[in-house]
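S.K.: Please find one structure pasted underneath; my questions will follow.
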Amino acid sequence: MLGEGGTALAKLNVAIRQFQADQDRELDPRGLRQAIDSLEGTFAADIGRCQESGVHLADGSATVVNWVSRLCGMSATSVADRLCVGRELGSLPRIAEALRTGEISYQSTSLLCHLREQLGEKRDLFDEDEMLGYARTHSVASLRYLCRFARHVADPDGFFNEAEADYSRRRLDISQIGDGMFAIDGILDPESGAALRTALESLAKRLGPDDERSHKQRMADSLGELVHHAMDEGKLPQRNGVKPHLNVTTTLEGLKNETGAPAADLELSLPISTRTLERIACDSTISRVLLADSMVIDVGRATRVVSAPTRRALRARDHGCRWPGCDRQVNWSTPHHIVAWSRGGPTKLPNLVLLCYFHHRLVHEGGWQVVQVGREFRFVPPDRVVFRRARAPGLRWAA
Ligand SMILES: [Zn+2]
Ligand SMILES: [Zn+2]
């Protein structure tokens, strides 16, 4: 148990328990962090001494990292960090003193120690007073940047080799989870990561005053929009002789939203809702496949729902998404049928309007209605549609 016996550590534990039990003590997070960080420095020095003494070998562990990790319930990375700090502080007395007295934090100390260790044979270039000055005046984030900068100046080859080693860690996992959603997890190199973030953030701005999506939702939508855009542009490399695209399979009854019709399939595996099917059908290429007893007996020619001349005329008329306040240009917008073509709406200019990916989805899945008034379009939110229906004749309960 902590605090038993008469050792120095036991006395420290008694003092800690008294401190924790004191309900009236003044709140001082900075002072408390300084005390914890000061002790982290002591811990780092102590496990360095353990390593020298070889106590881990006597205890059956090949390395001191394994031994401390098991003994103290720490990750190997954390133990390796403390060992580096312990080793380097032995040669950096003024930085060690600044950590002990709470002048600089443990995290800042760790950055300086790792920098000096990385410099290897060039460690003489490490100017203790100059780096201590930076640690006193800079945040941890900007000190990290400074250390990387200093590393590059002192040892460009080492910096390059380390960056290449980091580059080999890049990966991207895209896996489908139980409900059909996809989980993405990955590590990108600095250049690709910055490019992805810049591209997504340019698309993730709010689209008009009605846009209530969170920033994370907008970033996720941006990725989807970027990918759809790349596929729509038709410039991605072909696979098996065709441009990459999504396949949706449905029946005539499904397309007409008839009761009892089976759900449409995305990529022959995922059922999708009728509303999503209708959105995808708004601007798609359709092939008729005739089946008899599950055997394909005829495949019709693929035809684009919105013909090239109509598409050109629509683009010239709308110039981009027509949603109020939305700035998506024509190349980022898609034709929407005000009355769905599966329900008899013609694919002609008066029945079409350009919408961006997000607003097209808001109309179909979100239940908004597009109403044409003269040359203008009005967008009616779903609650107002319900309100209007509730006031329709014959519904006396809604009066
Ligand atoms: Zn549509
Ligand atoms: Zn829009």
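Lettering and numbering for the structure tokens are positional, with chains as A, B, ... in the shown order, residues counted from 1 in each chain, and ligands counted from 1 in the shown order.
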Give me, as a PyMOL selection string, all polymer residues having an atom no more than 10 Å from region 275-278 of chain A, counting only C-alpha atoms and skipping those fewer than 5 positions away in the same chain.
M.R.: chain A and resi 248-250+254-257+263-266+283+336-337+340-343+361+363-367
S.K.: Next, write the just-selected residues to a file, as an mmCIF file, in the first residue's frame, keeping N, CA and C atoms as the atom set.
M.R.:
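Now in selection.cif:
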data_model
loop_
_atom_site.group_PDB
_atom_site.id
_atom_site.type_symbol
_atom_site.label_atom_id
_atom_site.label_comp_id
_atom_site.auth_asym_id
_atom_site.auth_seq_id
_atom_site.Cartn_x
_atom_site.Cartn_y
_atom_site.Cartn_z
ATOM 1 N N VAL A 248 -26.876 0.409 -59.329
ATOM 2 C CA VAL A 248 -28.096 0.225 -58.537
ATOM 3 C C VAL A 248 -29.017 -0.686 -59.337
ATOM 4 N N THR A 249 -29.516 -1.720 -58.698
ATOM 5 C CA THR A 249 -30.416 -2.644 -59.380
ATOM 6 C C THR A 249 -31.798 -2.534 -58.753
ATOM 7 N N THR A 250 -32.818 -2.412 -59.578
ATOM 8 C CA THR A 250 -34.181 -2.328 -59.044
ATOM 9 C C THR A 250 -35.154 -2.933 -60.055
ATOM 10 N N GLY A 254 -40.291 -1.201 -58.222
ATOM 11 C CA GLY A 254 -39.495 -0.473 -57.230
ATOM 12 C C GLY A 254 -39.261 0.965 -57.667
ATOM 13 N N LEU A 255 -38.991 1.135 -58.949
ATOM 14 C CA LEU A 255 -38.732 2.458 -59.499
ATOM 15 C C LEU A 255 -39.976 3.341 -59.401
ATOM 16 N N LYS A 256 -41.141 2.721 -59.531
ATOM 17 C CA LYS A 256 -42.384 3.487 -59.459
ATOM 18 C C LYS A 256 -42.890 3.598 -58.021
ATOM 19 N N ASN A 257 -42.121 3.069 -57.057
ATOM 20 C CA ASN A 257 -42.476 3.119 -55.641
ATOM 21 C C ASN A 257 -43.828 2.469 -55.375
ATOM 22 N N ALA A 263 -36.852 -3.786 -52.244
ATOM 23 C CA ALA A 263 -35.927 -2.636 -52.152
ATOM 24 C C ALA A 263 -34.885 -2.732 -53.253
ATOM 25 N N ALA A 264 -34.404 -1.562 -53.704
ATOM 26 C CA ALA A 264 -33.331 -1.544 -54.703
ATOM 27 C C ALA A 264 -32.018 -1.923 -54.028
ATOM 28 N N ASP A 265 -31.086 -2.444 -54.822
ATOM 29 C CA ASP A 265 -29.770 -2.856 -54.304
ATOM 30 C C ASP A 265 -28.702 -1.911 -54.802
ATOM 31 N N LEU A 266 -27.791 -1.524 -53.886
ATOM 32 C CA LEU A 266 -26.606 -0.763 -54.298
ATOM 33 C C LEU A 266 -25.465 -1.763 -54.408
ATOM 34 N N ASP A 283 -30.429 11.506 -62.004
ATOM 35 C CA ASP A 283 -29.366 11.758 -62.984
ATOM 36 C C ASP A 283 -28.517 10.499 -63.090
ATOM 37 N N HIS A 336 -32.029 17.715 -61.030
ATOM 38 C CA HIS A 336 -33.081 17.105 -60.204
ATOM 39 C C HIS A 336 -34.411 17.262 -60.927
ATOM 40 N N HIS A 337 -35.215 16.187 -60.923
ATOM 41 C CA HIS A 337 -36.565 16.243 -61.509
ATOM 42 C C HIS A 337 -37.531 16.733 -60.443
ATOM 43 N N ALA A 340 -40.634 13.421 -60.157
ATOM 44 C CA ALA A 340 -39.734 12.323 -60.526
ATOM 45 C C ALA A 340 -40.168 11.694 -61.849
ATOM 46 N N TRP A 341 -39.187 11.325 -62.682
ATOM 47 C CA TRP A 341 -39.543 10.759 -63.991
ATOM 48 C C TRP A 341 -40.226 9.410 -63.840
ATOM 49 N N SER A 342 -39.916 8.698 -62.718
ATOM 50 C CA SER A 342 -40.595 7.419 -62.492
ATOM 51 C C SER A 342 -42.087 7.632 -62.207
ATOM 52 N N ARG A 343 -42.445 8.885 -61.834
ATOM 53 C CA ARG A 343 -43.868 9.175 -61.582
ATOM 54 C C ARG A 343 -44.434 10.051 -62.711
ATOM 55 N N ARG A 361 -29.734 15.812 -51.858
ATOM 56 C CA ARG A 361 -30.076 14.836 -50.817
ATOM 57 C C ARG A 361 -31.146 15.396 -49.867
ATOM 58 N N VAL A 363 -33.502 17.384 -50.567
ATOM 59 C CA VAL A 363 -34.818 17.331 -51.207
ATOM 60 C C VAL A 363 -35.379 15.906 -51.141
ATOM 61 N N HIS A 364 -34.570 14.918 -51.543
ATOM 62 C CA HIS A 364 -35.098 13.548 -51.601
ATOM 63 C C HIS A 364 -35.216 12.935 -50.207
ATOM 64 N N GLU A 365 -34.085 12.749 -49.529
ATOM 65 C CA GLU A 365 -34.111 12.089 -48.219
ATOM 66 C C GLU A 365 -34.628 13.024 -47.130
ATOM 67 N N GLY A 366 -34.362 14.332 -47.259
ATOM 68 C CA GLY A 366 -34.757 15.290 -46.221
ATOM 69 C C GLY A 366 -36.196 15.755 -46.339
ATOM 70 N N GLY A 367 -36.869 15.426 -47.426
ATOM 71 C CA GLY A 367 -38.304 15.718 -47.546
ATOM 72 C C GLY A 367 -38.638 17.155 -47.932
#
S.K.: Can you pull out every residue within 12 Å of Val65 (chain A), counting only C-alpha atoms, but drop anything in the same chain fewer than 4 positions away, and send it as a VMD selection string?
M.R.: chain A and resid 44 47 to 48 50 to 51 54 to 57 61 69 to 84
S.K.: Expressed in Å to a single decimal, how great is the separation between CA of Leu92 (chain A) and CA of Glu117 (chain A)?
M.R.: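 A separation of 11.7 Å between them.
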S.K.: Let me make sure I understand: among A:Glu191, A:Trp332, A:Trp323, A:Gly260, which one has the smallest atom-to-atom distance to Met231 (chain A) if we use only C-alpha atoms?
M.R.: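 Ranked by minimum distance to Met231 (chain A), first place goes to A:Trp332.
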S.K.: Suppose you want the space between CA of Gly102 (chain A) and CA of Gln34 (chain A); what is it in Å?
M.R.: 4.7 Å
S.K.: Please find the residues contacting ligand 2 at a distance of at most 6 Å between atoms, with only C-alpha atoms and all ligand atoms counted, and report them as a tab-separated table (two decimals) with all heavy atoms, in the first residue's frame.
M.R.:
chain	number	residue	atom	x	y	z
A	321	CYS	N	-25.99	25.28	-58.29
A	321	CYS	CA	-27.10	24.89	-57.39
A	321	CYS	C	-28.05	26.08	-57.19
A	321	CYS	O	-27.60	27.19	-56.89
A	321	CYS	CB	-26.53	24.42	-56.06
A	321	CYS	SG	-27.79	23.96	-54.87
A	323	TRP	N	-30.32	26.39	-54.85
A	323	TRP	CA	-30.75	26.57	-53.45
A	323	TRP	C	-30.32	27.96	-52.97
A	323	TRP	O	-29.18	28.36	-53.20
A	323	TRP	CB	-30.11	25.49	-52.58
A	323	TRP	CG	-30.76	25.34	-51.25
A	323	TRP	CD1	-30.59	26.13	-50.16
A	323	TRP	CD2	-31.70	24.33	-50.87
A	323	TRP	NE1	-31.35	25.67	-49.12
A	323	TRP	CE2	-32.06	24.57	-49.53
A	323	TRP	CE3	-32.28	23.24	-51.53
A	323	TRP	CZ2	-32.95	23.76	-48.84
A	323	TRP	CZ3	-33.16	22.45	-50.84
A	323	TRP	CH2	-33.50	22.72	-49.50
A	326	CYS	N	-26.60	29.00	-51.71
A	326	CYS	CA	-25.62	27.95	-52.02
A	326	CYS	C	-24.73	28.42	-53.18
A	326	CYS	O	-25.22	28.95	-54.16
A	326	CYS	CB	-26.31	26.65	-52.39
A	326	CYS	SG	-25.13	25.33	-52.72
A	328	ARG	N	-22.41	26.41	-54.88
A	328	ARG	CA	-21.82	25.35	-55.69
A	328	ARG	C	-21.99	25.65	-57.18
A	328	ARG	O	-23.11	25.92	-57.64
A	328	ARG	CB	-22.47	23.99	-55.38
A	328	ARG	CG	-22.02	23.38	-54.10
A	328	ARG	CD	-20.56	22.97	-54.15
A	328	ARG	NE	-20.22	22.19	-52.96
A	328	ARG	CZ	-19.74	22.72	-51.84
A	328	ARG	NH1	-19.52	24.01	-51.75
A	328	ARG	NH2	-19.46	21.95	-50.81
A	355	LEU	N	-29.08	21.08	-58.59
A	355	LEU	CA	-28.85	21.12	-57.15
A	355	LEU	C	-27.48	20.50	-56.86
A	355	LEU	O	-27.05	19.60	-57.58
A	355	LEU	CB	-29.92	20.32	-56.40
A	355	LEU	CG	-31.35	20.86	-56.43
A	355	LEU	CD1	-32.28	19.88	-55.76
A	355	LEU	CD2	-31.43	22.23	-55.74
A	356	CYS	N	-26.82	20.96	-55.78
A	356	CYS	CA	-25.55	20.34	-55.39
A	356	CYS	C	-25.84	19.02	-54.69
A	356	CYS	O	-26.99	18.71	-54.39
A	356	CYS	CB	-24.75	21.27	-54.49
A	356	CYS	SG	-25.50	21.50	-52.87
A	359	HIS	N	-27.76	19.50	-51.29
A	359	HIS	CA	-29.15	19.97	-51.41
A	359	HIS	C	-30.03	18.99	-52.18
A	359	HIS	O	-31.23	18.89	-51.92
A	359	HIS	CB	-29.16	21.38	-52.02
A	359	HIS	CG	-28.73	22.42	-51.03
A	359	HIS	ND1	-27.75	23.34	-51.30
A	359	HIS	CD2	-29.13	22.63	-49.75
A	359	HIS	CE1	-27.58	24.10	-50.22
A	359	HIS	NE2	-28.39	23.68	-49.27
S.K.: For each of A:Cys147, A:Lys205, A:His228, A:Ser168, take the minimum atom-to-atom distance to Asp327 (chain A), counting only C-alpha atoms, then give the residue where this is smallest.
M.R.: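 Smallest distance to Asp327 (chain A) is found for A:Lys205.
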S.K.: If you run DSSP on this backbone, which residues of region 136-320 of chain A come out as strand (DSSP E or B), and could you give them as a VMD selection string?
M.R.: chain A and resid 171 to 176 182 to 187 239 242 248 to 249 264 to 266 270 to 272 285 to 286 289 to 292 295 to 299 303 to 304 320
S.K.: Let me make sure I understand: among A:Lys235, A:His152, A:Arg213, A:His360, which one has the smallest atom-to-atom distance to ligand 1 if we use only C-alpha atoms and all ligand atoms?
M.R.: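 The answer is A:His360, which sits nearest to ligand 1.
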S.K.: Of the candidates A:Pro271, A:Gly325, A:Pro156, A:Gly86, which shows the shortest atom-to-atom distance to Gln118 (chain A), using only C-alpha atoms?
M.R.: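 For Gln118 (chain A), the nearest of the candidates is A:Pro156.
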